[in-house]
Structures are given as C-alpha cells and as structure tokens.
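Asks: Quick one: the structure is below, and I'll ask about it shortly.
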There are 2 protein chains.
Amino acid sequence: MANLKYSRQRASIKEYLMTTQGHPTADTVYLHVRKEFPHISLGTVYRNLNLLAEMGEAVKISTPDGGDRFDGNTHPHYHVVCTTCGDVMDLMMNPEYIRTINKKASEHFDGTIDSHRLLFYGTCPKCGRR
Amino acid sequence: MANLKYSRQRASIKEYLMTTQGHPTADTVYLHVRKEFPHISLGTVYRNLNLLAEMGEAVKISTPDGGDRFDGNTHPHYHVVCTTCGDVMDLMMNPEYIRTINKKASEHFDGTIDSHRLLFYGTCPKCGRR
DNA sequence: GTGATAACAGTAATGATTATTATAATTAGT
DNA sequence: ACTAATTATAATAATCATTACTGTTATCAC
C-alpha cells in the first residue's frame with residue numbers, strides 16, 4: 001500500500017473528483033485534467049481512476065447505459081440516472097436501510113449476500129418541470 | 001408489433017431461454033442454438049435476444065462484470081452473482097418490497113423515481129460449503 | 001546523486017455489442 | 001399456387017469503452 005508513489009497526475013484527478021459536483025466519465029475527467037497536463041493519456045486516467053477506486057478514495061459507478069462514471073464522494077449512497085437528460089445524481093439514503101436490503105435478500109437466498117449494486121432511473125427536477 | 005415475422009431462429013432462442021435454468025450470455029445462447037442452426041450468426045442471436053427483451057418475453061440482466069445475461073423468467077425478481085464461481089442465480093422477492101424500494105428512494109430525491117436495477121453479490125450454496 | 005521501481009505517454013489490443021449489406025426465407029396479394 | 005413485397009438472416013465490418021503493452025521519464029530510499 002505504501003509502495004504507491006506520488007504522482008501529480010493522480011493528485012490532479014483526485015482533486016477534480018473531489019471538487020466537481022457531477023459524476024464524470026473517464027473521458028470527462030480526461031478532458032479536464034488535460035488542461036493541467038496537456039500530455040496526459042486516457043490510459044493514465046483510466047488506470048488512476050481504478051487505483052483511486054481500489055484504495056477507497058473514489059467510487060466507480062457502473063451504468064449499463066454508456067460508460068462507467070466516477071464519484072469522489074465515498075460515503076455509501078446510491079445514484080439516479082435521469083432518463084431524459086442522462087445526468088447522474090446522488091441519492092443519499094439511510095445506511096441502515098442499505099444494510100436492510102442485504103438482510104432482506106438473504107431471507108430469500110440459500111447462500112450469503114455480501115453486497116449489492118443499486119441504480120435508480122427516473123426524471124430529475126430540471127427535466128421534470130416541463 | 002404484428003409487423004414481426006416469424007423466424008425459426010428466434011423461436012429456438014426463446015425456447016432455450018424458457019427451458020434453461022441458468023442465465024446465459026449471448027455467447028452461451030449462440031453455442032446452444034448453433035446445434036439446431038449451425039449457420040446462425042452471433043449478430044442474429046444478439047438482435048433476437050434484444051427483440052425478445054423489448055417485447056417483454058425475456059429479461060436482459062446487465063452485469064458490470066462480463067457480458068450481459070438473459071433470462072426467460074419475466075416475473076419481477078432480482079439476481080445474485082456468486083463472487084466465487086461467477087454464476088448468476090434468481091432471487092425471488094416480494095413484489096411489494098420491490099415497489100417499496102422505489103418509494104423509499106423517492107423520499108430522498110427531488111424528482112421522480114420510475115424504476116431501479118438491483119444486483120446482489122454473495123456466495124452461492126455450492127461455493128459456501130467449503 | 002544513484003539506482004530501483006513505479007508512473008507516464010502513446011499506441012495497440014481486446015471484448016462485447018451494434019451496424020451494414022447482400023442473400024435467403026416468410027408472408028400477402030392475385 | 002405464383003409472384004412481389006417485406007423482413008430476417010449470415011457474414012462481416014465498425015464502434016465504443018476499456019485494458020494491456022512498450023519504451024521513456026519521474027519519484028523515492030539510500
């Protein structure tokens with residue numbers, strides 16, 4: 001774990017994830033970090049995003065629609081995909097309830113439930129008023 | 001809807017989905033249907049699987065790990081991915097509870113929640129006893 | 001500083017899926 | 001049943017997101 005050297009690029013990627021409100025794709029991160037490091041490559045962005053996710057300093061959000069997204073907010077929470085504009089938003093939920101879902105599932109499964117991925121679909125406030 | 005012609009290939013794909021216990025990938029379906037139609041192409045399998053899913057005669061299960069899977073069981077239910085063997089199993093849950101999740105999420109989101117995708121991770125009974 | 005090691009940029013490769021196109025099968029009209 | 005119109009097929013090419021590889025450069029322990 002300590003055998004991970006510092007890199008300006010990774011620091012910049014993390015900085016961007018922490019400050020942005022949205023849930024950027026690797027490509028979006030790439031376009032932004034490029035302003036600071038014009039020669040950064042998309043492969044480096046992917047590698048560092050996955051490194052950050054492994055270290056628990058970021059969260060990878062897999063969506064079946066389009067590419068994966070990344071979130072600097074590591075508190076356990078869910079996400080909503082707006083089916084109109086495609087935007088991804090946070091959905092904070094009681095951690096207690098999150099555990100409850102696993103427990104409930106265990107009752108219906110003859111094995112062990114460790115975790116789950118939950119993604120909501122709906123309409124965001126912006127697209128809703130129309 | 002009626003402008004959909006019959007095809008032996010699609011019938012065979014559906015037949016396989018209905019009778020198999022598992023949750024095959026497009027490739028697995030391809031390998032099986034091939035026994036009856038040695039000249040079927042993977043593209044045809046994909047197109048018909050998606051057609052069946054659109055018509056509500058099958059369900060597409062998107063997993064972030066590996067390719068999509070398909071299920072002939074169209075009753076609303078969830079799935080568990082065994083983190084040991086990679087197998088995908090059904091997890092029947094009270095439809096009431098499924099609706100409850102959307103309702104609960106709505107309370108924490110300033111917009112509309114229409115649906116959700118939920119995938120569990122755990123250990124299947126077979127891998128568990130070891 | 002020096003050298004080992006990890007990170008980098010650039011590019012090639014992969015894997016799953018979708019699009020394209022010419023040919024074949026299926027339905028509909030007569 | 002015969003022929004034309006329509007739609008599906010097979011084969012291939014294209015796409016998209018992501019990962020792996022290669023040689024070069026930066027970081028860190030000594």
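Starting from 1 in every chain, residues are counted up; chains themselves are A, B, ... following the order of the structure tokens, and ligands are numbered from 1 as listed.
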Which residues, written as a ChimeraX atom specification, have at least one atom at most 12 Å from DA28 of chain C, with only C-alpha atoms (C1' of nucleotides) counted and residues fewer than 4 positions away on the same chain left out?

Replies: /D:2-6

Asks: Under the rule of at most 8 Å, produce a per-residue listing of chain A near chain D: chain, number, name, the closest pair of atoms, and the distance in Å, as a Markdown table, using only C-alpha atoms (C1' of nucleotides).

Replies:
| residue | atom | partner | partner_atom | distance |
| --- | --- | --- | --- | --- |
| A:Lys5 | CA | D:DT27 | C1' | 6.6 |
| A:Tyr6 | CA | D:DT27 | C1' | 7.0 |
| A:Ser7 | CA | D:DT27 | C1' | 8.0 |
| A:Gly67 | CA | D:DA17 | C1' | 6.3 |

Asks: Taking only C-alpha atoms into account, report as a ChimeraX atom specification which residues of chain B lie within 10 Å of chain A.

Replies: /B:61-65,68,78-83,89-94,97,101-102,104-129

Asks: Store the residues of this selection in a file with N, CA and C atoms, as a CSV table (one decimal), in the first residue's frame.

Replies:
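Written file, selection-v3.csv:
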chain,number,residue,atom,x,y,z
B,61,ILE,N,-30.2,-8.9,-18.3
B,61,ILE,CA,-29.5,-8.6,-17.0
B,61,ILE,C,-28.2,-8.0,-17.3
B,62,SER,N,-28.0,-6.8,-17.0
B,62,SER,CA,-26.7,-6.1,-17.2
B,62,SER,C,-25.8,-6.3,-15.9
B,63,THR,N,-24.7,-7.0,-16.1
B,63,THR,CA,-23.8,-7.1,-15.0
B,63,THR,C,-22.5,-6.3,-15.4
B,64,PRO,N,-21.9,-5.6,-14.4
B,64,PRO,CA,-20.7,-4.8,-14.7
B,64,PRO,C,-19.5,-5.8,-15.0
B,65,ASP,N,-19.6,-7.0,-14.5
B,65,ASP,CA,-18.6,-7.9,-14.7
B,65,ASP,C,-18.9,-8.9,-15.8
B,68,ASP,N,-23.6,-9.1,-20.8
B,68,ASP,CA,-24.9,-9.2,-20.4
B,68,ASP,C,-25.5,-10.6,-20.4
B,78,TYR,N,-34.9,-10.4,-8.6
B,78,TYR,CA,-33.5,-10.0,-8.7
B,78,TYR,C,-32.6,-11.1,-9.0
B,79,HIS,N,-31.3,-10.8,-9.0
B,79,HIS,CA,-30.3,-11.8,-9.2
B,79,HIS,C,-29.1,-11.6,-8.3
B,80,VAL,N,-28.5,-12.8,-8.1
B,80,VAL,CA,-27.3,-12.8,-7.2
B,80,VAL,C,-26.1,-13.3,-8.1
B,81,VAL,N,-25.0,-12.6,-8.0
B,81,VAL,CA,-23.8,-13.1,-8.7
B,81,VAL,C,-22.9,-13.7,-7.6
B,82,CYS,N,-22.5,-15.0,-7.8
B,82,CYS,CA,-21.6,-15.6,-6.9
B,82,CYS,C,-20.2,-15.1,-7.1
B,83,THR,N,-19.6,-14.5,-6.1
B,83,THR,CA,-18.3,-13.9,-6.3
B,83,THR,C,-17.2,-15.0,-6.4
B,89,MET,N,-27.7,-16.4,-10.1
B,89,MET,CA,-28.9,-17.1,-9.6
B,89,MET,C,-30.1,-16.2,-9.4
B,90,ASP,N,-31.3,-16.8,-9.4
B,90,ASP,CA,-32.5,-16.0,-9.2
B,90,ASP,C,-32.6,-15.7,-7.7
B,91,LEU,N,-33.3,-14.5,-7.4
B,91,LEU,CA,-33.6,-14.2,-6.0
B,91,LEU,C,-35.0,-13.6,-6.0
B,92,MET,N,-35.9,-14.5,-5.7
B,92,MET,CA,-37.4,-14.1,-5.7
B,92,MET,C,-37.6,-13.2,-4.5
B,93,MET,N,-38.3,-12.1,-4.8
B,93,MET,CA,-38.6,-11.2,-3.7
B,93,MET,C,-40.0,-10.7,-3.8
B,94,ASN,N,-40.6,-10.4,-2.7
B,94,ASN,CA,-42.0,-9.9,-2.7
B,94,ASN,C,-42.1,-8.7,-3.6
B,97,TYR,N,-42.2,-5.5,-1.9
B,97,TYR,CA,-40.9,-4.9,-1.4
B,97,TYR,C,-40.2,-4.2,-2.6
B,101,ILE,N,-38.9,-0.1,-2.5
B,101,ILE,CA,-37.6,0.4,-2.7
B,101,ILE,C,-37.7,1.7,-3.5
B,102,ASN,N,-38.5,1.7,-4.5
B,102,ASN,CA,-38.7,2.9,-5.3
B,102,ASN,C,-39.3,4.1,-4.5
B,104,LYS,N,-39.2,4.4,-1.2
B,104,LYS,CA,-38.2,4.9,-0.3
B,104,LYS,C,-37.3,5.8,-0.9
B,105,ALA,N,-36.8,5.5,-2.1
B,105,ALA,CA,-35.9,6.3,-2.8
B,105,ALA,C,-36.5,7.7,-3.1
B,106,SER,N,-37.7,7.7,-3.5
B,106,SER,CA,-38.4,9.0,-3.8
B,106,SER,C,-38.3,10.0,-2.7
B,107,GLU,N,-38.4,9.4,-1.5
B,107,GLU,CA,-38.4,10.3,-0.3
B,107,GLU,C,-37.0,11.1,-0.2
B,108,HIS,N,-36.0,10.5,-0.8
B,108,HIS,CA,-34.7,11.2,-0.7
B,108,HIS,C,-34.3,11.8,-2.0
B,109,PHE,N,-35.2,12.0,-3.0
B,109,PHE,CA,-34.8,12.5,-4.3
B,109,PHE,C,-35.8,13.5,-4.7
B,110,ASP,N,-35.4,14.7,-5.1
B,110,ASP,CA,-36.2,15.8,-5.5
B,110,ASP,C,-36.6,15.6,-7.0
B,111,GLY,N,-37.2,14.5,-7.3
B,111,GLY,CA,-37.6,14.3,-8.7
B,111,GLY,C,-38.5,13.0,-8.7
B,112,THR,N,-38.6,12.3,-9.9
B,112,THR,CA,-39.4,11.1,-9.9
B,112,THR,C,-38.5,9.9,-10.1
B,113,ILE,N,-38.8,8.9,-9.3
B,113,ILE,CA,-38.2,7.6,-9.5
B,113,ILE,C,-39.1,6.6,-10.2
B,114,ASP,N,-38.7,6.1,-11.3
B,114,ASP,CA,-39.6,5.2,-12.1
B,114,ASP,C,-39.2,3.7,-11.8
B,115,SER,N,-37.9,3.4,-11.8
B,115,SER,CA,-37.5,2.0,-11.7
B,115,SER,C,-36.1,1.9,-11.1
B,116,HIS,N,-35.7,0.7,-11.0
B,116,HIS,CA,-34.3,0.5,-10.5
B,116,HIS,C,-33.8,-0.8,-10.9
B,117,ARG,N,-32.4,-0.9,-10.9
B,117,ARG,CA,-31.8,-2.1,-11.2
B,117,ARG,C,-31.0,-2.5,-9.9
B,118,LEU,N,-31.2,-3.7,-9.5
B,118,LEU,CA,-30.6,-4.2,-8.3
B,118,LEU,C,-29.9,-5.5,-8.5
B,119,LEU,N,-28.6,-5.6,-8.2
B,119,LEU,CA,-27.9,-6.8,-8.4
B,119,LEU,C,-27.1,-7.1,-7.1
B,120,PHE,N,-27.3,-8.4,-6.6
B,120,PHE,CA,-26.6,-8.7,-5.4
B,120,PHE,C,-25.3,-9.5,-5.7
B,121,TYR,N,-24.4,-9.4,-4.7
B,121,TYR,CA,-23.2,-10.2,-4.8
B,121,TYR,C,-23.1,-11.0,-3.5
B,122,GLY,N,-22.6,-12.2,-3.6
B,122,GLY,CA,-22.5,-13.1,-2.5
B,122,GLY,C,-21.9,-14.4,-2.8
B,123,THR,N,-22.2,-15.4,-2.0
B,123,THR,CA,-21.6,-16.7,-2.3
B,123,THR,C,-22.8,-17.7,-2.4
B,124,CYS,N,-22.8,-18.5,-3.4
B,124,CYS,CA,-23.9,-19.5,-3.6
B,124,CYS,C,-23.7,-20.7,-2.7
B,125,PRO,N,-24.8,-21.4,-2.5
B,125,PRO,CA,-24.7,-22.6,-1.6
B,125,PRO,C,-23.6,-23.5,-1.9
B,126,LYS,N,-23.4,-23.8,-3.2
B,126,LYS,CA,-22.4,-24.7,-3.6
B,126,LYS,C,-21.0,-24.3,-3.2
B,127,CYS,N,-20.7,-23.0,-3.4
B,127,CYS,CA,-19.4,-22.5,-3.1
B,127,CYS,C,-19.3,-22.2,-1.6
B,128,GLY,N,-20.4,-22.1,-0.9
B,128,GLY,CA,-20.4,-21.7,0.5
B,128,GLY,C,-19.9,-22.9,1.4
B,129,ARG,N,-20.3,-24.1,1.1
B,129,ARG,CA,-19.9,-25.2,2.0
B,129,ARG,C,-18.5,-25.7,1.5

Asks: Name all residues at most 12 Å from Ser41 of chain A (count only C-alpha atoms (C1' of nucleotides); drop same-chain ones fewer than 4 positions away) and give them as a PyMOL selection string.

Replies: (chain A and resi 9-10+26-27+29-34+37+45-48) or (chain C and resi 7-11)

Asks: Got a sec to pull out which chain C residues are within 8 Å of chain B, counting only C-alpha atoms (C1' of nucleotides), and send them as a list in words?

Replies: DA16, DT26 and DT27 of chain C

Asks: Can you list every residue in chain B that DSSP puts in alpha helix (DSSP H), as a PyMOL selection string?

Replies: chain B and resi 8-19+26-36+42-54+95-106+125-128

Asks: DSSP on the backbone, then: every residue of chain A marked strand (DSSP E or B), written as number ranges by chain.

Replies: A: 25, 59-61, 69-71, 78-82, 88-91, 112-123

Asks: Can you pull out every residue within 6 Å of Pro24 of chain B, counting only C-alpha atoms (C1' of nucleotides), but drop anything in the same chain fewer than 3 positions away, and send it as a short mmCIF file (atom, residue, chain, number, x, y, z; two decimals) with N, CA and C atoms, in the first residue's frame?

Replies:
data_model
loop_
_atom_site.label_atom_id
_atom_site.label_comp_id
_atom_site.auth_asym_id
_atom_site.auth_seq_id
_atom_site.Cartn_x
_atom_site.Cartn_y
_atom_site.Cartn_z
N THR B 28 -23.36 -17.92 -24.90
CA THR B 28 -23.84 -19.25 -24.49
C THR B 28 -25.07 -19.63 -25.30
N ARG B 69 -26.47 -10.81 -19.53
CA ARG B 69 -27.07 -12.13 -19.47
C ARG B 69 -28.56 -12.01 -19.74
N PHE B 70 -29.17 -13.13 -20.12
CA PHE B 70 -30.59 -13.11 -20.47
C PHE B 70 -31.35 -14.16 -19.68
#

Asks: Using only C-alpha atoms, which residue out of A:Ile40, A:Val88, A:Ile98, A:Leu17 lies closest to Ala53 of chain A?

Replies: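 That would be A:Leu17, the residue with the smallest distance to Ala53 of chain A.
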